[in-house]
Amino acid sequence: MPLPYLTPSIRVRRTPFSRRVEEAGVRAYSVYNHMLIPQSFRSPEEDCAHLKQAVQVWDVSCERQVEIKGPDALELMQMTTPRNLSGMADDQCYYVPMVDAQGQMLNDPVAIRLAEDRYWLSLADSDMLYYCKGLAIGRGLNVEVFEPDISPLAVQGPKADELIGRVFGPEIVATRFFRHKTINVQGKDMIIARSGWSHQGGFEIYLDGSEHGESLWDSLFEAGRDLDVRAGCPNLIERIEAGLLSYGSDISIDDTPFQVGLGKYCDLDAATGCIGHAVLTTRQDPDRQIRPMAVDGLAVPPINAYWPLTDSKGKAAGHISSITWSPDFQTNVAIAMVHRNHWTPGSTLQVETPEGAREAHVRETFWI
Ligand code: THG
């Protein structure tokens, strides 16, 4: 059966880097926040091996920003998350669970503090712009809520420090994890942070102004030619090995932060302004949790719906939400949601794949 194409349309937004991404030979796209996100260049396996040994430039423009600006900005930000934002410094980024009034997960963005009265939420794939606008109106807050012309470009891999040092200098390389500094691109100030959705380390440049996209891209590729810099993208293999969760795949609105391993970011003593606060205080003891799992046998096909997990008596025990073959670990690596009776490391379950049942083993830790 021939694969269907993704039909271009205005609704599926292109990015400031899309032309360069296509010149670099992108092979597959997906859609994230109504915008194109590259899925592979050579192959997921080859892209993964390269990411682990060199440096890649990723068009992650689809990590759209919601900007919250004004005297009540912190109050609105704190309404959305059980993480305590009161101690955040002006150069800090926080990974935050965002929850509704029932304490259910709406998104898991990176929150960026730009000033006391100015924040960005760097979103995963759900429509938080409308939600934040609604909160501001409902509470009569003195804030502006909008999507600025900001498009993150990630530089990831063991040679990311070398490349960023060449282009932006040693002061920028000295940026600590989840802190940001200001760089100048073609006369325009932009934010750069040490962060990114890989375990290899690197930076995220928050391109400010679409018109500067191609020149920023070109300066990185010119400076990194001898480092074998390549276009890349968030890599399924590497992110499962590292246990990086994907909202919409591993996390949904049916989950609380405690069920998806984000309880460590909840501070219910301090974050009393969170609208899910009251419910979350009663839900800190989850009945199911995310676990790394290894699945026996040869490479599994791509997953496009939860694969059910059952125990030895055939009873429901959870599901797998992300899975792929890992060339480095020579097993299928998976992220699963597992009921409490079965979540201890070493526990073996059956998983129903489209190609039949396999054995699946709960692990103590992710692979990298
Ligand atoms: N960077 C930016 N925006 C983003 C992402 C990003 N928006 C969408 C998505 N990714 C949001 N989800 C995550 C999930 C994990 C992390 C960041 C964003 C992450 N986690 C680290 C970990 O789990 O090891 C550590 C976080 C911490 O210690 O604070 O980096 O990647 N701009």
# chains A, B, ... in the order shown; residues from 1 in each chain; ligands from 1

$ closest_atom_pairs --of "stretch 9-45 of chain A" --to "stretch 217-240 of chain A" --cutoff "8 Å" --atoms "only C-alpha atoms" --output "JSON lines"
{"residue": "A:Phe17", "atom": "CA", "partner": "A:Trp217", "partner_atom": "CA", "distance": 7.4}
{"residue": "A:Arg20", "atom": "CA", "partner": "A:Trp217", "partner_atom": "CA", "distance": 7.7}
{"residue": "A:Val21", "atom": "CA", "partner": "A:Ala231", "partner_atom": "CA", "distance": 6.9}
{"residue": "A:Ala24", "atom": "CA", "partner": "A:Ala231", "partner_atom": "CA", "distance": 6.4}
{"residue": "A:Ile37", "atom": "CA", "partner": "A:Cys233", "partner_atom": "CA", "distance": 7.9}
{"residue": "A:Pro38", "atom": "CA", "partner": "A:Cys233", "partner_atom": "CA", "distance": 5.9}
{"residue": "A:Gln39", "atom": "CA", "partner": "A:Cys233", "partner_atom": "CA", "distance": 6.2}
{"residue": "A:Ser40", "atom": "CA", "partner": "A:Cys233", "partner_atom": "CA", "distance": 6.7}
{"residue": "A:Phe41", "atom": "CA", "partner": "A:Gly232", "partner_atom": "CA", "distance": 6.5}
{"residue": "A:Pro44", "atom": "CA", "partner": "A:Asn235", "partner_atom": "CA", "distance": 6.6}
{"residue": "A:Glu45", "atom": "CA", "partner": "A:Ile237", "partner_atom": "CA", "distance": 7.5}

$ residues_near_ligand --ligand "ligand 1" --cutoff "6 Å" --atoms "only C-alpha atoms and all ligand atoms" --output "list of chain:residue names"
A:Glu63, A:Tyr94, A:Tyr95, A:Asp108, A:Pro109, A:Val110, A:Ser122, A:Leu123, A:Ala124, A:Gly196, A:Trp197, A:Leu244, A:Leu245

$ write_last_selection --atoms "C-alpha atoms" --output "compact mmCIF listing (two decimals), in the first residue's frame"
# COMPACT_ATOMS: atom_id res chain seq x y z
CA GLU A 63 7.31 24.76 20.08
CA TYR A 94 11.46 25.78 34.27
CA TYR A 95 9.93 22.57 32.96
CA ASP A 108 4.12 20.27 29.74
CA PRO A 109 5.90 23.41 28.46
CA VAL A 110 9.16 25.07 29.29
CA SER A 122 7.20 27.20 25.20
CA LEU A 123 4.43 24.77 24.38
CA ALA A 124 4.03 21.10 23.70
CA GLY A 196 16.56 21.00 24.29
CA TRP A 197 14.62 17.83 23.77
CA LEU A 244 11.72 12.39 27.46
CA LEU A 245 7.91 12.44 27.51

$ residues_around --residues "A:Ala242" --least-positions-apart "6" --cutoff "9 Å" --atoms "only C-alpha atoms" --output "mmCIF file with C-alpha atoms, in the first residue's frame"
data_model
loop_
_atom_site.group_PDB
_atom_site.id
_atom_site.type_symbol
_atom_site.label_atom_id
_atom_site.label_comp_id
_atom_site.auth_asym_id
_atom_site.auth_seq_id
_atom_site.Cartn_x
_atom_site.Cartn_y
_atom_site.Cartn_z
ATOM 1 C CA SER A 198 17.555 15.413 23.665
ATOM 2 C CA HIS A 199 19.862 13.827 26.210
ATOM 3 C CA PHE A 366 15.579 4.631 31.174
ATOM 4 C CA TRP A 367 18.555 3.645 29.014
ATOM 5 C CA ILE A 368 20.564 6.880 28.886
#

$ residues_around --residues "A:Asp189" --least-positions-apart "6" --cutoff "12 Å" --atoms "only C-alpha atoms" --output "list in words"
Ile150, Lys181, Thr182, Ile183, Ile205, Tyr206, Leu207, Asp208, Gly209 and His212 of chain A

$ write_last_selection --atoms "all heavy atoms" --output "mmCIF file, in the first residue's frame"
data_model
loop_
_atom_site.group_PDB
_atom_site.id
_atom_site.type_symbol
_atom_site.label_atom_id
_atom_site.label_comp_id
_atom_site.auth_asym_id
_atom_site.auth_seq_id
_atom_site.Cartn_x
_atom_site.Cartn_y
_atom_site.Cartn_z
ATOM 1 N N ILE A 150 8.146 34.135 17.473
ATOM 2 C CA ILE A 150 9.330 33.483 18.038
ATOM 3 C C ILE A 150 9.343 32.036 17.552
ATOM 4 O O ILE A 150 8.317 31.346 17.635
ATOM 5 C CB ILE A 150 9.288 33.498 19.582
ATOM 6 C CG1 ILE A 150 9.268 34.927 20.132
ATOM 7 C CG2 ILE A 150 10.444 32.674 20.164
ATOM 8 C CD1 ILE A 150 10.554 35.686 19.965
ATOM 9 N N LYS A 181 20.516 33.514 28.030
ATOM 10 C CA LYS A 181 21.258 34.757 27.834
ATOM 11 C C LYS A 181 20.768 35.390 26.535
ATOM 12 O O LYS A 181 19.938 34.811 25.837
ATOM 13 C CB LYS A 181 22.762 34.464 27.753
ATOM 14 C CG LYS A 181 23.364 34.031 29.091
ATOM 15 C CD LYS A 181 24.880 33.996 29.064
ATOM 16 C CE LYS A 181 25.391 33.769 30.491
ATOM 17 N NZ LYS A 181 26.784 33.332 30.514
ATOM 18 N N THR A 182 21.321 36.568 26.228
ATOM 19 C CA THR A 182 20.901 37.284 25.021
ATOM 20 C C THR A 182 22.029 37.268 23.999
ATOM 21 O O THR A 182 23.179 37.546 24.338
ATOM 22 C CB THR A 182 20.515 38.732 25.378
ATOM 23 O OG1 THR A 182 19.459 38.678 26.338
ATOM 24 C CG2 THR A 182 20.031 39.485 24.154
ATOM 25 N N ILE A 183 21.701 36.922 22.757
ATOM 26 C CA ILE A 183 22.660 36.975 21.650
ATOM 27 C C ILE A 183 22.160 37.982 20.630
ATOM 28 O O ILE A 183 20.985 38.349 20.648
ATOM 29 C CB ILE A 183 22.840 35.608 20.956
ATOM 30 C CG1 ILE A 183 21.489 35.031 20.536
ATOM 31 C CG2 ILE A 183 23.613 34.652 21.858
ATOM 32 C CD1 ILE A 183 21.578 33.804 19.662
ATOM 33 N N ILE A 205 17.900 28.367 20.476
ATOM 34 C CA ILE A 205 17.885 29.782 20.099
ATOM 35 C C ILE A 205 16.434 30.140 19.793
ATOM 36 O O ILE A 205 15.797 29.475 18.969
ATOM 37 C CB ILE A 205 18.767 30.030 18.858
ATOM 38 C CG1 ILE A 205 20.211 29.600 19.131
ATOM 39 C CG2 ILE A 205 18.690 31.498 18.439
ATOM 40 C CD1 ILE A 205 21.059 29.453 17.874
ATOM 41 N N TYR A 206 15.918 31.162 20.469
ATOM 42 C CA TYR A 206 14.539 31.593 20.236
ATOM 43 C C TYR A 206 14.561 32.684 19.165
ATOM 44 O O TYR A 206 14.625 33.868 19.474
ATOM 45 C CB TYR A 206 13.906 32.071 21.544
ATOM 46 C CG TYR A 206 13.648 30.941 22.524
ATOM 47 C CD1 TYR A 206 14.682 30.441 23.329
ATOM 48 C CD2 TYR A 206 12.392 30.344 22.624
ATOM 49 C CE1 TYR A 206 14.462 29.388 24.210
ATOM 50 C CE2 TYR A 206 12.161 29.291 23.511
ATOM 51 C CZ TYR A 206 13.195 28.823 24.296
ATOM 52 O OH TYR A 206 12.963 27.780 25.159
ATOM 53 N N LEU A 207 14.541 32.235 17.886
ATOM 54 C CA LEU A 207 14.577 33.178 16.761
ATOM 55 C C LEU A 207 13.479 34.224 16.933
ATOM 56 O O LEU A 207 12.301 33.873 17.041
ATOM 57 C CB LEU A 207 14.358 32.438 15.430
ATOM 58 C CG LEU A 207 14.256 33.366 14.208
ATOM 59 C CD1 LEU A 207 15.620 33.892 13.809
ATOM 60 C CD2 LEU A 207 13.569 32.673 13.047
ATOM 61 N N ASP A 208 13.873 35.485 16.950
ATOM 62 C CA ASP A 208 12.921 36.589 17.136
ATOM 63 C C ASP A 208 12.812 37.338 15.814
ATOM 64 O O ASP A 208 13.693 38.128 15.460
ATOM 65 C CB ASP A 208 13.443 37.506 18.261
ATOM 66 C CG ASP A 208 12.382 38.513 18.703
ATOM 67 O OD1 ASP A 208 11.455 38.792 17.916
ATOM 68 O OD2 ASP A 208 12.502 39.019 19.833
ATOM 69 N N GLY A 209 11.747 37.043 15.076
ATOM 70 C CA GLY A 209 11.575 37.676 13.762
ATOM 71 C C GLY A 209 11.873 36.666 12.665
ATOM 72 O O GLY A 209 13.031 36.361 12.389
ATOM 73 N N HIS A 212 14.791 36.669 10.007
ATOM 74 C CA HIS A 212 16.192 36.354 10.298
ATOM 75 C C HIS A 212 16.483 34.843 10.284
ATOM 76 O O HIS A 212 17.601 34.427 10.574
ATOM 77 C CB HIS A 212 16.583 36.908 11.674
ATOM 78 C CG HIS A 212 16.402 38.394 11.803
ATOM 79 N ND1 HIS A 212 17.136 39.297 11.064
ATOM 80 C CD2 HIS A 212 15.553 39.126 12.563
ATOM 81 C CE1 HIS A 212 16.751 40.536 11.381
ATOM 82 N NE2 HIS A 212 15.794 40.451 12.290
#

$ closest_atom_pairs --of "stretch 229-273 of chain A" --to "stretch 295-318 of chain A" --cutoff "12 Å" --atoms "only C-alpha atoms" --output "tab-separated table"
residue	atom	partner	partner_atom	distance
A:Leu236	CA	A:Pro302	CA	10.6
A:Ile237	CA	A:Pro302	CA	11.7
A:Gly248	CA	A:Ala305	CA	11.0
A:Ser249	CA	A:Tyr306	CA	8.7
A:Asp250	CA	A:Tyr306	CA	9.4
A:Ile251	CA	A:Tyr306	CA	11.7
A:Ser252	CA	A:Tyr306	CA	12.0

$ write_last_selection --atoms "N, CA and C atoms" --output "compact mmCIF listing (two decimals), in the first residue's frame"
# COMPACT_ATOMS: atom_id res chain seq x y z
N LEU A 236 13.00 9.90 17.78
CA LEU A 236 12.17 8.97 18.55
C LEU A 236 13.01 7.99 19.36
N ILE A 237 14.08 7.48 18.76
CA ILE A 237 14.89 6.47 19.44
C ILE A 237 15.57 7.09 20.66
N GLY A 248 0.47 14.26 24.41
CA GLY A 248 -0.32 13.75 23.28
C GLY A 248 0.01 12.31 22.98
N SER A 249 1.25 11.88 23.34
CA SER A 249 1.60 10.47 23.22
C SER A 249 1.64 9.83 24.61
N ASP A 250 2.57 10.25 25.42
CA ASP A 250 2.80 9.63 26.74
C ASP A 250 2.00 10.30 27.85
N ILE A 251 1.58 11.52 27.61
CA ILE A 251 0.84 12.30 28.60
C ILE A 251 -0.46 12.75 27.95
N SER A 252 -1.58 12.67 28.68
CA SER A 252 -2.85 13.17 28.14
C SER A 252 -3.63 13.88 29.24

$ atom_distance --atom1 "atom CA of A:Arg42" --atom2 "atom CA of A:Arg27"
7.1 Å
